[in-house]
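S.K.: My file is entry_11.tsv. It has TSV, C-alpha atoms:
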chain	number	residue	atom	x	y	z
A	71	MET	CA	0.00	0.00	0.00
A	72	THR	CA	1.76	3.11	-1.24
A	73	PHE	CA	0.49	6.57	-2.01
A	74	PRO	CA	0.14	6.63	-5.81
A	75	LEU	CA	1.05	10.29	-6.38
A	76	GLY	CA	4.53	11.78	-6.48
A	77	PHE	CA	5.86	15.13	-5.29
A	78	TRP	CA	5.44	16.74	-8.73
A	79	ASP	CA	1.81	15.58	-8.97
A	80	ILE	CA	0.99	17.25	-5.65
A	81	SER	CA	2.81	20.37	-6.81
A	82	LEU	CA	0.76	20.43	-10.04
A	83	ILE	CA	-2.54	20.00	-8.16
A	84	LEU	CA	-1.57	22.84	-5.81
A	85	ALA	CA	-0.69	25.07	-8.79
A	86	VAL	CA	-4.07	24.48	-10.45
A	87	MET	CA	-5.99	25.06	-7.20
A	88	ALA	CA	-3.99	28.23	-6.46
A	89	ILE	CA	-4.73	29.66	-9.90
A	90	ILE	CA	-8.46	28.93	-9.56
A	91	LEU	CA	-8.63	30.48	-6.08
A	92	LEU	CA	-6.57	33.53	-6.99
A	93	ILE	CA	-8.69	34.25	-10.07
A	94	THR	CA	-11.93	33.74	-8.08
A	95	SER	CA	-10.84	36.01	-5.25
A	96	GLU	CA	-9.82	38.68	-7.77
A	97	LEU	CA	-13.09	38.42	-9.69
A	98	LEU	CA	-15.11	38.70	-6.47
A	99	SER	CA	-13.25	41.84	-5.45
A	100	PRO	CA	-15.61	44.74	-4.58
A	101	TYR	CA	-13.74	46.83	-7.17
A	102	TYR	CA	-15.59	44.92	-9.88
A	103	GLY	CA	-18.97	45.69	-8.36
A	104	LYS	CA	-19.71	42.27	-6.88
A	105	ILE	CA	-20.58	43.65	-3.45
A	106	ASN	CA	-23.85	41.70	-3.25
A	107	ILE	CA	-22.17	38.26	-3.16
A	108	GLN	CA	-22.21	37.15	0.47
A	109	ILE	CA	-18.89	35.42	0.86
A	110	ASN	CA	-16.04	35.96	3.23
A	111	ARG	CA	-13.63	37.55	0.77
A	112	LYS	CA	-10.85	37.81	3.33
A	113	ARG	CA	-10.91	34.06	3.95
A	114	LEU	CA	-11.05	33.33	0.23
A	115	LYS	CA	-8.05	35.59	-0.32
A	116	ASN	CA	-6.20	33.94	2.58
A	117	ALA	CA	-6.94	30.46	1.19
A	118	ALA	CA	-5.71	31.54	-2.26
A	119	LEU	CA	-2.52	32.98	-0.81
A	120	ALA	CA	-1.91	29.90	1.38
A	121	THR	CA	-2.31	27.54	-1.58
A	122	SER	CA	-0.01	29.67	-3.74
A	123	THR	CA	2.57	29.71	-0.95
A	124	LEU	CA	2.38	25.91	-0.65
A	125	PHE	CA	2.88	25.55	-4.39
A	126	LEU	CA	5.86	27.93	-4.33
A	127	ALA	CA	7.29	25.95	-1.40
A	128	THR	CA	7.16	22.75	-3.49
A	129	VAL	CA	8.98	24.60	-6.29
A	130	VAL	CA	11.64	25.84	-3.86
A	131	ILE	CA	12.10	22.30	-2.47
A	132	ARG	CA	12.48	20.95	-6.00
A	133	ILE	CA	14.98	23.65	-7.00
A	134	ALA	CA	16.95	23.09	-3.80
A	135	GLY	CA	16.94	19.36	-4.57
A	136	ILE	CA	18.32	19.99	-8.08
A	137	ILE	CA	21.03	22.37	-6.83
A	138	ILE	CA	22.13	20.09	-3.99
A	139	GLY	CA	21.92	16.98	-6.20
A	140	GLY	CA	23.94	18.68	-8.98
A	141	ALA	CA	26.69	19.90	-6.65
B	273	MET	CA	-37.81	45.91	-3.33
B	274	LYS	CA	-40.97	44.87	-1.45
B	275	LYS	CA	-40.78	43.61	2.16
B	276	SER	CA	-41.99	40.10	1.24
B	277	GLU	CA	-39.37	39.88	-1.52
B	278	LYS	CA	-36.67	40.91	0.94
B	279	ASP	CA	-37.87	38.31	3.45
B	280	SER	CA	-37.72	35.56	0.83
B	281	THR	CA	-34.24	36.74	-0.23
B	282	PHE	CA	-33.14	36.53	3.40
B	283	ARG	CA	-34.56	33.00	3.82
B	284	ARG	CA	-32.91	31.95	0.56
B	285	ALA	CA	-29.56	33.29	1.80
B	286	ILE	CA	-29.88	31.32	5.08
B	287	GLY	CA	-30.77	28.18	3.11
B	288	GLN	CA	-27.77	28.68	0.84
B	289	THR	CA	-25.46	29.00	3.85
B	290	ARG	CA	-26.68	25.68	5.30
B	291	LEU	CA	-26.45	23.99	1.90
B	292	THR	CA	-22.87	25.23	1.42
B	293	LYS	CA	-21.89	23.87	4.85
B	294	ILE	CA	-23.47	20.45	4.23
B	295	THR	CA	-21.98	20.27	0.72
B	296	GLY	CA	-18.55	21.11	2.11
B	297	TRP	CA	-18.67	18.29	4.69
B	298	ILE	CA	-20.00	15.75	2.15
B	299	ILE	CA	-17.23	16.59	-0.35
B	300	LEU	CA	-14.65	16.40	2.45
B	301	GLY	CA	-15.90	12.94	3.52
B	302	LEU	CA	-16.02	11.60	-0.05
B	303	GLY	CA	-12.54	12.98	-0.72
B	304	ALA	CA	-11.11	11.23	2.36
B	305	LEU	CA	-12.78	8.00	1.33
B	306	ALA	CA	-11.42	8.28	-2.23
B	307	LEU	CA	-7.92	8.91	-0.87
B	308	VAL	CA	-8.03	5.86	1.41
B	309	VAL	CA	-9.31	3.67	-1.45
B	310	SER	CA	-6.61	5.06	-3.78
B	311	ILE	CA	-3.89	4.01	-1.29
B	312	ILE	CA	-5.39	0.50	-0.95
B	313	TYR	CA	-5.70	-0.05	-4.72
B	314	SER	CA	-2.74	2.17	-5.73
B	315	SER	CA	-4.99	4.17	-8.05
B	316	SER	CA	-3.60	7.57	-9.08
B	317	THR	CA	-6.94	8.64	-10.58
B	318	LEU	CA	-8.70	8.10	-7.26
B	319	ALA	CA	-5.84	9.86	-5.45
B	320	ILE	CA	-6.16	12.98	-7.64
B	321	LEU	CA	-9.93	12.88	-7.22
B	322	GLY	CA	-9.61	12.45	-3.45
B	323	LEU	CA	-7.11	15.27	-3.05
B	324	GLY	CA	-9.25	17.60	-5.17
B	325	MET	CA	-12.36	16.77	-3.16
B	326	ILE	CA	-10.61	17.22	0.18
B	327	PHE	CA	-9.28	20.55	-1.01
B	328	TRP	CA	-12.68	21.87	-2.16
B	329	GLY	CA	-14.36	20.46	0.96
B	330	VAL	CA	-11.95	22.37	3.17
B	331	ILE	CA	-12.40	25.52	1.07
B	332	LEU	CA	-16.21	25.30	1.22
B	333	THR	CA	-16.29	24.79	4.99
B	334	TYR	CA	-13.65	27.47	5.63
B	335	ILE	CA	-15.06	30.18	3.36
B	336	GLN	CA	-18.49	30.71	4.83
B	337	ASN	CA	-20.85	33.60	4.39
B	338	GLU	CA	-20.18	36.73	6.36
B	339	GLU	CA	-22.54	37.93	9.06
B	340	TYR	CA	-24.98	40.47	7.78
B	341	VAL	CA	-28.02	42.39	8.89
B	342	LYS	CA	-31.22	42.45	6.94
B	343	GLU	CA	-31.47	45.78	5.12
B	344	PRO	CA	-35.01	46.70	6.32
B	345	ILE	CA	-33.92	46.28	9.98
B	346	PHE	CA	-30.87	48.43	9.40
B	347	GLN	CA	-33.05	51.12	7.78
B	348	SER	CA	-35.76	51.04	10.46
B	349	VAL	CA	-33.27	51.44	13.30
B	350	GLY	CA	-31.59	54.36	11.57
B	351	ASN	CA	-34.84	56.02	10.59
B	352	SER	CA	-36.47	55.99	14.03
B	353	SER	CA	-33.72	58.01	15.71
B	354	PHE	CA	-33.46	60.30	12.69
B	355	SER	CA	-37.23	60.85	12.83
B	356	THR	CA	-36.98	61.85	16.52
B	357	LEU	CA	-34.24	64.33	15.71
B	358	ASN	CA	-36.33	65.70	12.84
B	359	HIS	CA	-39.29	66.16	15.16
B	360	ILE	CA	-37.21	68.06	17.73
B	361	LEU	CA	-35.71	70.34	15.07
B	362	GLN	CA	-39.15	71.01	13.59
B	363	ARG	CA	-40.71	71.87	16.93
B	364	MET	CA	-37.81	74.06	18.02
B	365	GLY	CA	-37.64	75.87	14.68
B	366	TYR	CA	-34.09	74.95	13.71
B	367	SER	CA	-33.76	74.88	9.95
B	368	ASN	CA	-30.24	76.22	9.34
B	369	LYS	CA	-27.33	74.08	8.26
B	370	ALA	CA	-25.37	72.46	11.07
B	371	ILE	CA	-21.71	73.20	11.64
B	372	TYR	CA	-19.71	70.07	12.48
B	373	LEU	CA	-17.26	71.23	15.11
B	374	PRO	CA	-13.67	69.95	15.33
B	375	PRO	CA	-12.34	68.42	18.60
B	376	ARG	CA	-10.63	71.64	19.79
B	377	TYR	CA	-14.11	73.05	20.55
B	378	PHE	CA	-14.51	70.50	23.34
B	379	LYS	CA	-12.73	69.68	26.57
B	380	ASP	CA	-12.63	66.02	25.59
B	381	PRO	CA	-11.04	65.64	22.12
B	382	GLU	CA	-13.05	62.44	21.57
B	383	THR	CA	-16.26	64.47	21.49
B	384	SER	CA	-17.91	65.19	18.17
B	385	LYS	CA	-20.90	67.49	18.02
B	386	ALA	CA	-22.74	69.57	15.50
B	387	TYR	CA	-23.82	73.12	16.23
B	388	LEU	CA	-27.09	74.39	14.77
B	389	PRO	CA	-27.45	78.17	14.82
B	390	LYS	CA	-30.91	79.48	15.71
B	391	GLN	CA	-30.67	82.36	13.21
B	392	GLN	CA	-29.07	82.25	9.78
B	393	ASP	CA	-26.88	85.30	10.48
B	394	GLU	CA	-25.98	84.18	14.01
B	395	LYS	CA	-22.32	84.72	14.92
B	396	ARG	CA	-20.41	81.44	14.95
B	397	PRO	CA	-19.40	80.27	18.42
B	398	THR	CA	-15.81	80.28	19.58
B	399	PRO	CA	-14.16	77.18	21.14
B	400	GLU	CA	-14.32	78.89	24.55
B	401	GLN	CA	-18.06	79.54	24.25
B	402	ILE	CA	-18.74	75.93	23.27
B	403	GLN	CA	-16.48	74.53	26.01
B	404	ALA	CA	-18.42	76.57	28.58
B	405	GLN	CA	-21.75	75.13	27.39
B	406	GLU	CA	-20.78	71.79	25.87
B	407	MET	CA	-22.98	69.79	28.24
B	408	HIS	CA	-26.06	71.80	27.26
B	409	LEU	CA	-28.36	70.87	24.40
B	410	PHE	CA	-29.25	74.51	23.78
B	411	THR	CA	-26.59	77.19	23.92
B	412	GLU	CA	-27.38	80.72	25.05
B	413	ASN	CA	-24.39	82.62	23.73
B	414	PRO	CA	-24.69	82.43	20.75
B	415	LYS	CA	-28.22	81.02	20.52
B	416	GLY	CA	-28.16	77.57	19.01
B	417	MET	CA	-28.29	73.85	19.57
B	418	LEU	CA	-25.48	71.37	20.22
B	419	THR	CA	-26.40	67.92	19.07
B	420	THR	CA	-24.74	64.55	18.63
B	421	PRO	CA	-24.47	63.96	14.86
B	422	PRO	CA	-26.51	61.02	13.47
B	423	GLY	CA	-23.38	59.55	11.91
B	424	LEU	CA	-21.13	59.66	14.99
B	425	GLU	CA	-21.27	55.93	15.68
B	426	LEU	CA	-20.38	55.24	12.06
B	427	THR	CA	-17.33	57.49	12.44
B	428	ARG	CA	-16.33	55.48	15.52
B	429	LEU	CA	-16.70	52.29	13.48
B	430	PHE	CA	-14.39	53.74	10.80
B	431	GLU	CA	-11.83	54.59	13.48
B	432	LYS	CA	-12.10	51.13	15.01
B	433	ARG	CA	-11.59	49.42	11.65
B	434	LEU	CA	-8.67	51.67	10.73
B	435	GLU	CA	-7.27	51.35	14.27
B	436	THR	CA	-6.71	55.06	14.52
B	437	ASN	CA	-8.24	58.27	15.71
B	438	PHE	CA	-8.95	60.81	12.98
B	439	THR	CA	-7.83	63.65	15.27
B	440	LYS	CA	-4.28	62.27	14.97
B	441	GLU	CA	-4.49	62.09	11.17
B	442	ASP	CA	-4.78	64.63	8.39
B	443	LEU	CA	-6.85	64.98	5.22
B	444	SER	CA	-4.32	63.09	3.07
B	445	TYR	CA	-4.69	60.07	5.41
B	446	VAL	CA	-8.46	60.17	4.92
B	447	GLU	CA	-8.03	60.48	1.14
B	448	ARG	CA	-5.73	57.46	1.12
B	449	ASN	CA	-7.51	55.16	3.56
B	450	LEU	CA	-11.24	55.86	3.42
B	451	PRO	CA	-11.76	54.51	-0.14
B	452	LYS	CA	-10.03	51.25	0.83
B	453	LEU	CA	-12.08	50.99	4.03
B	454	PHE	CA	-15.35	51.52	2.17
B	455	THR	CA	-14.60	49.16	-0.71
B	456	GLU	CA	-12.45	46.35	0.72
B	457	ASP	CA	-13.11	46.26	4.44
B	458	LEU	CA	-16.71	47.37	5.01
B	459	GLU	CA	-17.77	46.65	1.41
B	460	ILE	CA	-20.31	49.46	1.40
B	461	ALA	CA	-19.26	50.93	-1.94
B	462	GLN	CA	-17.70	49.96	-5.21
B	463	ASN	CA	-15.64	53.10	-5.47
B	464	VAL	CA	-15.02	56.19	-3.33
B	465	GLU	CA	-13.48	59.37	-4.62
B	466	ILE	CA	-12.43	62.26	-2.38
B	467	ARG	CA	-11.51	65.55	-4.05
B	468	SER	CA	-10.39	68.60	-2.13
B	469	GLU	CA	-9.94	72.06	-3.58
B	470	ASP	CA	-9.42	75.13	-1.38
B	471	ALA	CA	-12.25	75.12	1.13
B	472	LYS	CA	-14.36	72.54	-0.64
B	473	ILE	CA	-14.21	68.76	-0.25
B	474	THR	CA	-16.29	66.53	-2.50
B	475	VAL	CA	-16.90	62.87	-1.71
B	476	ARG	CA	-18.38	60.62	-4.38
B	477	ILE	CA	-19.52	57.15	-3.33
B	478	GLU	CA	-20.43	54.79	-6.15
B	479	ASN	CA	-22.73	51.76	-6.06
B	480	SER	CA	-23.44	51.87	-2.34
B	481	PRO	CA	-26.27	50.15	-0.43
B	482	PHE	CA	-26.30	53.31	1.70
B	483	SER	CA	-27.92	55.26	-1.14
B	484	SER	CA	-31.36	53.81	-0.28
B	485	LEU	CA	-30.92	54.86	3.37
B	486	CYS	CA	-29.87	58.35	2.21
B	487	ASN	CA	-32.94	58.53	-0.04
B	488	GLU	CA	-35.21	57.52	2.84
B	489	ALA	CA	-33.58	60.11	5.12
B	490	LYS	CA	-34.75	62.83	2.70
B	491	ALA	CA	-38.29	62.34	4.06
B	492	PHE	CA	-37.13	63.86	7.35
B	493	THR	CA	-36.68	67.26	5.75
B	494	ASP	CA	-35.48	69.38	8.67
B	495	ALA	CA	-32.95	66.90	10.04
B	496	TYR	CA	-31.76	66.03	6.53
B	497	ASN	CA	-31.31	69.68	5.50
B	498	ALA	CA	-29.57	70.57	8.73
B	499	LEU	CA	-27.38	67.53	9.46
B	500	GLY	CA	-27.39	65.53	6.22
B	501	SER	CA	-27.95	61.80	5.92
B	502	PRO	CA	-26.24	59.52	8.50
B	503	LEU	CA	-23.44	58.68	6.03
B	504	ALA	CA	-22.87	62.34	5.10
B	505	SER	CA	-22.91	63.15	8.81
B	506	ALA	CA	-20.35	60.43	9.57
B	507	LEU	CA	-18.04	61.73	6.85
B	508	ALA	CA	-18.50	65.30	8.12
B	509	CYS	CA	-17.33	64.13	11.57
B	510	VAL	CA	-14.34	62.41	9.96
B	511	LEU	CA	-13.41	65.55	8.01
B	512	ALA	CA	-13.90	67.85	11.01
B	513	LYS	CA	-11.58	65.64	13.06
B	514	ALA	CA	-8.96	65.20	10.34
B	515	THR	CA	-8.82	68.82	9.13
B	516	GLY	CA	-9.33	70.37	12.58
B	517	LYS	CA	-11.77	72.81	10.98
B	518	SER	CA	-15.52	73.28	11.20
B	519	ILE	CA	-17.45	71.62	8.38
B	520	ILE	CA	-20.79	72.32	6.74
B	521	ILE	CA	-22.57	69.83	4.45
B	522	GLN	CA	-23.14	72.10	1.48
B	523	LYS	CA	-24.94	69.73	-0.85
B	524	GLU	CA	-25.88	66.06	-0.93
B	525	THR	CA	-27.14	64.42	-4.09
B	526	THR	CA	-28.27	60.81	-4.23
B	527	ASP	CA	-29.46	58.72	-7.13
B	528	ARG	CA	-30.30	55.02	-7.20
B	529	LYS	CA	-26.81	53.81	-6.32
B	530	ASN	CA	-24.46	56.80	-6.08
B	531	ILE	CA	-24.04	59.51	-3.47
B	532	GLU	CA	-22.19	62.80	-3.92
B	533	ILE	CA	-21.60	65.06	-0.93
B	534	GLU	CA	-20.05	68.51	-0.96
B	535	TYR	CA	-18.47	69.77	2.23
B	536	GLN	CA	-17.44	73.33	2.97
B	537	LEU	CA	-14.62	74.13	5.38
B	538	VAL	CA	-15.79	77.02	7.54
B	539	PRO	CA	-13.21	79.83	7.73
B	540	GLU	CA	-11.87	80.72	11.15
B	541	GLU	CA	-13.73	83.44	13.02
B	542	PRO	CA	-11.44	86.41	13.77
B	543	PRO	CA	-10.61	86.58	17.51
B	544	GLN	CA	-12.94	88.78	19.53
B	545	ALA	CA	-11.52	92.11	20.67
Go ahead and express the file in the form of structure tokens.

M.R.:
Amino acid sequence: MTFPLGFWDISLILAVMAIILLITSELLSPYYGKINIQINRKRLKNAALATSTLFLATVVIRIAGIIIGGA
Amino acid sequence: MKKSEKDSTFRRAIGQTRLTKITGWIILGLGALALVVSIIYSSSTLAILGLGMIFWGVILTYIQNEEYVKEPIFQSVGNSSFSTLNHILQRMGYSNKAIYLPPRYFKDPETSKAYLPKQQDEKRPTPEQIQAQEMHLFTENPKGMLTTPPGLELTRLFEKRLETNFTKEDLSYVERNLPKLFTEDLEIAQNVEIRSEDAKITVRIENSPFSSLCNEAKAFTDAYNALGSPLASALACVLAKATGKSIIIQKETTDRKNIEIEYQLVPEEPPQA
């Protein structure tokens, strides 16, 4: 019994989710007139930023792995 | 919008909140199940599906609707106190424009009050005169009325959200931070524009739910003409605190969604000989 997904797969999923959340949070911004949608925009923005940070962390880990492995 | 329509909108919103919560938990459970099964059968498809479902389940349960107050309640509460103020002004014969006094007129700098002159050509009071009578509703010298502005609590809310006191700030701070507070934090407008030229400050608020409240306030003619709508009054308090000068609401125009308010900075009275 092993987990069927690799590190890069997780990274890709995180990237897709981050893009979706970032675009949604931007589209729901009050600047575009969507002030009648009752959603916690702050939490949506936080979730989008957290997912993006996680994705960037996976990228950093991968780059660090390449640099250390190459040296 | 009719009252029954608003009630049904409110019920629909509550129903949607519950549905979102239940959906979130169901997706989360299914995702966890898919992930466990994917590990047992080493299925990458199920693993991707499981991770995706867990993710969206967490998002749906985390991002819930914000607390809100039904618009008719909000309007009724505001209107009743405004109506009382209107009645007092009518009975006492005060129809002149109010002067929003800056904090230096009071012993306590946290105080914000508006002065209504009894006569149009009444001499404006000095800080000393107001300080001597600041606890009185009616002032004798000069003859007028000192009242708590209808938008004072709103001003306090602005200060609380910005974690500041407008007396410590200046007009440029208000110009920089108020639009962001209205659009991003309080979400009561799509856009806010503050223009200042010489002794005139114009505030334009676009696509705001407050416009209906401002329109309803017009029915209370005397209070509206003297003190402005609660939002205009709140902004007058903000400007009086930030500029340190007395403010008069010169003009307030409201259409279906937009509000434009013109404020006049009152020039300083020359010191008495």

S.K.: Could you tell me which of B:Ala404, B:Ile460, B:Val475, B:Leu418 comes closest to Ile531 of chain B if we count all atoms listed in the file?

M.R.: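 The answer is B:Val475, which sits nearest to Ile531 of chain B.
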
S.K.: For Lys115 of chain A, list every protein, DNA or RNA residue within 9 Å, evaluated using only C-alpha atoms, and leave out those in the same chain fewer than 2 positions away; present the list as JSON, numbers by chain.

M.R.: {"A": [91, 92, 94, 95, 96, 110, 111, 112, 113, 117, 118, 119, 120]}

S.K.: List as a tab-separated table every residue of chain B that is in contact with chain A, defined as an atom at most 7 Å from one of its atoms (using only C-alpha atoms), together with the nearest atom pair and the distance in Å rounded to one decimal, sorted by chain and then rising number.

M.R.:
residue	atom	partner	partner_atom	distance
B:Ile311	CA	A:Phe73	CA	5.1
B:Ile312	CA	A:Met71	CA	5.5
B:Ser314	CA	A:Pro74	CA	5.3
B:Ser315	CA	A:Pro74	CA	6.1
B:Ser316	CA	A:Pro74	CA	5.1
B:Ala319	CA	A:Pro74	CA	6.8
B:Ile335	CA	A:Arg113	CA	5.7
B:Gln336	CA	A:Asn110	CA	6.0
B:Asn337	CA	A:Ile109	CA	4.4
B:Glu338	CA	A:Asn110	CA	5.2
B:Thr455	CA	A:Pro100	CA	6.0
B:Glu456	CA	A:Pro100	CA	6.4
B:Glu459	CA	A:Ile105	CA	6.4
B:Gln462	CA	A:Tyr101	CA	5.4
B:Asn463	CA	A:Tyr101	CA	6.8

S.K.: Can you list, as a JSON list (two decimals) with C-alpha atoms, keeping the file's coordinate frame, every protein, DNA or RNA residue that comes within 12 Å of Asn351 of chain B when you count all atoms listed in the file, leaving out same-chain residues fewer than 2 positions away?

M.R.:
[["chain", "number", "residue", "atom", "x", "y", "z"],
["B", 344, "PRO", "CA", -35.01, 46.70, 6.32],
["B", 345, "ILE", "CA", -33.92, 46.28, 9.98],
["B", 346, "PHE", "CA", -30.87, 48.43, 9.40],
["B", 347, "GLN", "CA", -33.05, 51.12, 7.78],
["B", 348, "SER", "CA", -35.76, 51.04, 10.46],
["B", 349, "VAL", "CA", -33.27, 51.44, 13.30],
["B", 353, "SER", "CA", -33.72, 58.01, 15.71],
["B", 354, "PHE", "CA", -33.46, 60.30, 12.69],
["B", 355, "SER", "CA", -37.23, 60.85, 12.83],
["B", 356, "THR", "CA", -36.98, 61.85, 16.52],
["B", 357, "LEU", "CA", -34.24, 64.33, 15.71],
["B", 358, "ASN", "CA", -36.33, 65.70, 12.84],
["B", 359, "HIS", "CA", -39.29, 66.16, 15.16],
["B", 422, "PRO", "CA", -26.51, 61.02, 13.47],
["B", 484, "SER", "CA", -31.36, 53.81, -0.28],
["B", 485, "LEU", "CA", -30.92, 54.86, 3.37],
["B", 486, "CYS", "CA", -29.87, 58.35, 2.21],
["B", 487, "ASN", "CA", -32.94, 58.53, -0.04],
["B", 488, "GLU", "CA", -35.21, 57.52, 2.84],
["B", 489, "ALA", "CA", -33.58, 60.11, 5.12],
["B", 490, "LYS", "CA", -34.75, 62.83, 2.70],
["B", 491, "ALA", "CA", -38.29, 62.34, 4.06],
["B", 492, "PHE", "CA", -37.13, 63.86, 7.35],
["B", 495, "ALA", "CA", -32.95, 66.90, 10.04],
["B", 496, "TYR", "CA", -31.76, 66.03, 6.53],
["B", 501, "SER", "CA", -27.95, 61.80, 5.92],
["B", 502, "PRO", "CA", -26.24, 59.52, 8.50]]

S.K.: Just to confirm, what's the straight-line distance from atom CA of Leu499 of chain B to atom CA of Ile521 of chain B in Å (one decimal)?

M.R.: 7.3 Å

S.K.: Can you pull out every residue within 9 Å of segment 441-446 of chain B, counting only C-alpha atoms, but drop anything in the same chain fewer than 5 positions away, and send it as a ChimeraX atom specification?

M.R.: /B:436,451,466,468,510-511,513-516

S.K.: Find the residue from B:Glu431, B:Asp380, B:Glu478, B:Glu394 that sits nearest to Met407 of chain B; use all atoms listed in the file when measuring.

M.R.: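 Closest candidate: B:Asp380.
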
S.K.: Excluding same-chain residues fewer than 6 positions from Leu305 of chain B, what lies within 10 Å of it counting only C-alpha atoms, as a PyMOL selection string?

M.R.: chain B and resi 299+318-319+322+325-326

S.K.: Got time to write the residues from that selection, C-alpha atoms, as a CSV table (one decimal), in the coordinates of the input?

M.R.:
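Full text of part20.csv as output:
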chain,number,residue,atom,x,y,z
B,299,ILE,CA,-17.2,16.6,-0.4
B,318,LEU,CA,-8.7,8.1,-7.3
B,319,ALA,CA,-5.8,9.9,-5.4
B,322,GLY,CA,-9.6,12.4,-3.4
B,325,MET,CA,-12.4,16.8,-3.2
B,326,ILE,CA,-10.6,17.2,0.2

S.K.: Just to confirm, what's the straight-line distance from atom CA of Thr333 of chain B to atom CA of Arg290 of chain B in Å (one decimal)?

M.R.: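 Answer for the atom CA of Thr333 of chain B to atom CA of Arg290 of chain B separation: 10.4 Å.
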
S.K.: Between atom CA of Ile473 of chain B and atom CA of Ala504 of chain B, what is the distance in Å, rounded to a tenth?

M.R.: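 So the two atoms, atom CA of Ile473 of chain B and atom CA of Ala504 of chain B, lie 12.0 Å apart.
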
S.K.: Do you know which residues are at most 9 Å from Thr128 of chain A counting all atoms listed in the file, after dropping those on the same chain fewer than 5 positions away, and could you put them as number ranges by chain?

M.R.: A: 77-78, 80-81, 123, 133

S.K.: To test the calculation: enclose all listed atoms of segment 126-134 of chain A in a box whose edges run along x, y and z, add 4 Å on each side, then state centre and edge lengths in Å to one decimal, as lines of an AutoDock Vina configuration file.

M.R.:
center_x = 11.4
center_y = 24.4
center_z = -4.2
size_x = 19.1
size_y = 15.0
size_z = 13.6

S.K.: Generate N, CA and C atoms for segment 82-94 of chain A and emit them as a short mmCIF file (atom, residue, chain, number, x, y, z; two decimals), keeping the file's coordinate frame.

M.R.:
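Output file rebuild-v3.cif is given in full below:
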data_model
loop_
_atom_site.label_atom_id
_atom_site.label_comp_id
_atom_site.auth_asym_id
_atom_site.auth_seq_id
_atom_site.Cartn_x
_atom_site.Cartn_y
_atom_site.Cartn_z
N LEU A 82 1.62 20.04 -8.92
CA LEU A 82 0.76 20.43 -10.04
C LEU A 82 -0.68 20.70 -9.55
N ILE A 83 -1.17 19.81 -8.70
CA ILE A 83 -2.54 20.00 -8.16
C ILE A 83 -2.62 21.33 -7.41
N LEU A 84 -1.59 21.59 -6.58
CA LEU A 84 -1.57 22.84 -5.81
C LEU A 84 -1.56 24.06 -6.74
N ALA A 85 -0.78 23.96 -7.84
CA ALA A 85 -0.69 25.07 -8.79
C ALA A 85 -2.06 25.36 -9.40
N VAL A 86 -2.74 24.30 -9.83
CA VAL A 86 -4.07 24.48 -10.45
C VAL A 86 -5.06 25.10 -9.47
N MET A 87 -5.07 24.53 -8.23
CA MET A 87 -5.99 25.06 -7.20
C MET A 87 -5.68 26.53 -6.90
N ALA A 88 -4.39 26.85 -6.78
CA ALA A 88 -3.99 28.23 -6.46
C ALA A 88 -4.47 29.19 -7.54
N ILE A 89 -4.29 28.79 -8.80
CA ILE A 89 -4.73 29.66 -9.90
C ILE A 89 -6.25 29.89 -9.83
N ILE A 90 -6.98 28.79 -9.63
CA ILE A 90 -8.46 28.93 -9.56
C ILE A 90 -8.86 29.87 -8.42
N LEU A 91 -8.26 29.65 -7.24
CA LEU A 91 -8.63 30.48 -6.08
C LEU A 91 -8.22 31.94 -6.26
N LEU A 92 -7.03 32.15 -6.80
CA LEU A 92 -6.57 33.53 -6.99
C LEU A 92 -7.47 34.28 -7.98
N ILE A 93 -7.82 33.61 -9.07
CA ILE A 93 -8.69 34.25 -10.07
C ILE A 93 -10.07 34.52 -9.45
N THR A 94 -10.61 33.54 -8.71
CA THR A 94 -11.93 33.74 -8.08
C THR A 94 -11.90 34.90 -7.10
#
